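**Student:** Dropping a structure here in structure tokens format, bear with me for questions.
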Number of protein chains: 2
Amino acid sequence: MKFDINLNSTDALLDTFRRHAAGVAVITTTFRDQPVGFTATSITSLGAKPPLIMFSVAKGASSYEPMLHAEHIALHTLGKRNLALAQRMAADHTQRFATSDWELGPHGVPVFPAATSVLIVKIREVIEIESNAVVIGEVLTGATGEEDEALLYQKRAYYLPGERLSEPRQ
Amino acid sequence: MKFDINLNSTDALLDTFRRHAAGVAVITTTFRDQPVGFTATSITSLGAKPPLIMFSVAKGASSYEPMLHAEHIALHTLGKRNLALAQRMAADHTQRFATSDWELGPHGVPVFPAATSVLIVKIREVIEIESNAVVIGEVLTGATGEEDEALLYQKRAYYLPGERLSEPRQ
């Protein structure tokens, strides 16, 4: 590192997250009787007891208002076989549910059975902060699909995991 | 997916995050005049204007109390060359700063110059929720290091990104 820590703050943030890789998920809910959803790269777990999850959604997104009002959502993790789904849920929001690869699950949330896993989540808290909302929810139930290589997003493209650098921790 | 969405909620969460991959970061601060820090797999950006970041820390962690009181932190993204650093910052907390690969940066936060990037962050908000704290901060400045393949964590081990599945979005 050139040890001048003096980048403009916005440039620093953008440069940093260009160097970061993230797992890919799809979040869905029902809003005004319509299925809505988006591709998220910000999901994280907040502990297993109680089982909590967290993600964020940007104010400009078509899913922003639905997420502010959601009581339940579905969170799907995606694998290699779900690349087209990830791309579709990040493109034109009027076409995201135009296919027949989803159905209504518990609490009326849209579920994609081809995902590697789905969680049915009850929203606990939505924190609006500047141009994003942070959503925290409690897992009610879920199901796992067939295992697959995890889908990654970095440098504005989708990737798969490659070389393993360490032994799995016990 | 076996379309029985009926897993126990804690099992559902654990099975889901076993299918998820995450980028790896190191968060540091100074607490009672001592450097403290940990390896985090929960960092995300909350928009670029203003430039905000978010991460979580678990209640059992040695860094939990320091993060509740921190005014400033440093957030580092890690690459392939930082594997040993990631492992050290996730192991015995008394040995995490026993080496000389760090120095004090702006606002007295410990900085690792070998990282791929560092952000200097002023804490805005700490939200305690069950067994975790969610920390939101505003980026003040930063620096980028030499580029490297991003370090990933999944299935309890460190990985590198592999095959690219899509063209980079413009």
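Order determines the names: the first chain of the structure tokens is A, the second B, and so forth; residues in each chain are numbered 1 upward, and ligands are numbered 1 upward as they are shown.
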Show me, as a ChimeraX atom specification, the residues that have an atom within 8 Å of segment 46-61 of chain B when counting only C-alpha atoms, minus same-chain residues fewer than 2 positions from it.

**Tutor:** /A:9-10,13-14,46-47,56,58,130-132 /B:40,42-44,63-64,67,131-139

**Student:** Residues of chain B in alpha helix (DSSP H) according to DSSP, as a list in words?

**Tutor:**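 Alpha helix (DSSP H) assignments inside chain B correspond to Ser9, Thr10, Asp11, Ala12, Leu13, Leu14, Asp15, Thr16, Phe17, Arg18, Tyr64, Glu65, Pro66, Met67, Leu68, His69, Leu83, Ala84, Leu85, Ala86, Gln87 and Arg88 of chain B.
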
**Student:** Within 10 Å of segment 140-151 of chain B, counting only C-alpha atoms, which residues show up once you throw out same-chain ones fewer than 6 positions away? Write them as an NGL selection string, please.

**Tutor:** (:A and (1-13 or 15-16 or 18-22 or 154 or 165)) or (:B and (22-25 or 50-52 or 72 or 74-83 or 86 or 106 or 113-122 or 158-162))

**Student:** Taking into account only C-alpha atoms, which residue in the set A:Phe31, A:Arg124, A:Met89, A:Leu104 is nearest to Glu65 of chain A?

**Tutor:**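 Selected residue with least distance to Glu65 of chain A: A:Phe31.
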
**Student:** For each of A:Arg164, A:Gln170, A:Gly105, A:Val36, take the minimum atom-to-atom distance to chain B, counting only C-alpha atoms, then give the residue where this is smallest.

**Tutor:**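 Looking only at the distances to chain B, the closest residue turns out to be A:Arg164.
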
**Student:** Work out how far apart atom CA of Val26 of chain A and atom CA of Gln87 of chain A are and give it in Å to one decimal.

**Tutor:**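 Distance reported for this atom pair: 10.2 Å.
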
**Student:** When DSSP is applied to the backbone of this structure, which of chain A are assigned strand (DSSP E)? Write them out as a ChimeraX atom specification.

**Tutor:** /A:22-23,25-31,34-40,44-48,51-58,72-77,103-104,110-111,117-129,132-144,152-154,157-164

**Student:** Rounded to one decimal, what separation in Å do you get between atom CA of Ile127 of chain B and atom CA of Glu71 of chain B?

**Tutor:**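 Interatomic distance here is 14.3 Å.
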
**Student:** Output as CSV one row per residue of segment 28-56 of chain A within 8 Å of segment 90-98 of chain A: the closest atom pair and its distance in Å to one decimal place, counting only C-alpha atoms, sorted by chain and residue number ascending.

**Tutor:**
residue,atom,partner,partner_atom,distance
A:Pro35,CA,A:Phe97,CA,7.0
A:Val36,CA,A:Arg96,CA,7.7
A:Gly37,CA,A:Arg96,CA,7.6
A:Phe38,CA,A:Ala90,CA,5.9
A:Thr39,CA,A:Ala90,CA,5.4

**Student:** How far is it from atom CA of Arg32 of chain B to atom CA of Ser45 of chain B, in Å with one decimal?

**Tutor:** 28.2 Å

**Student:** In terms of the shortest atom-to-atom distance over only C-alpha atoms, which of A:Glu163, A:Lys155, A:Pro110, A:Ser100 is closest to Gln34 of chain A?

**Tutor:** A:Pro110
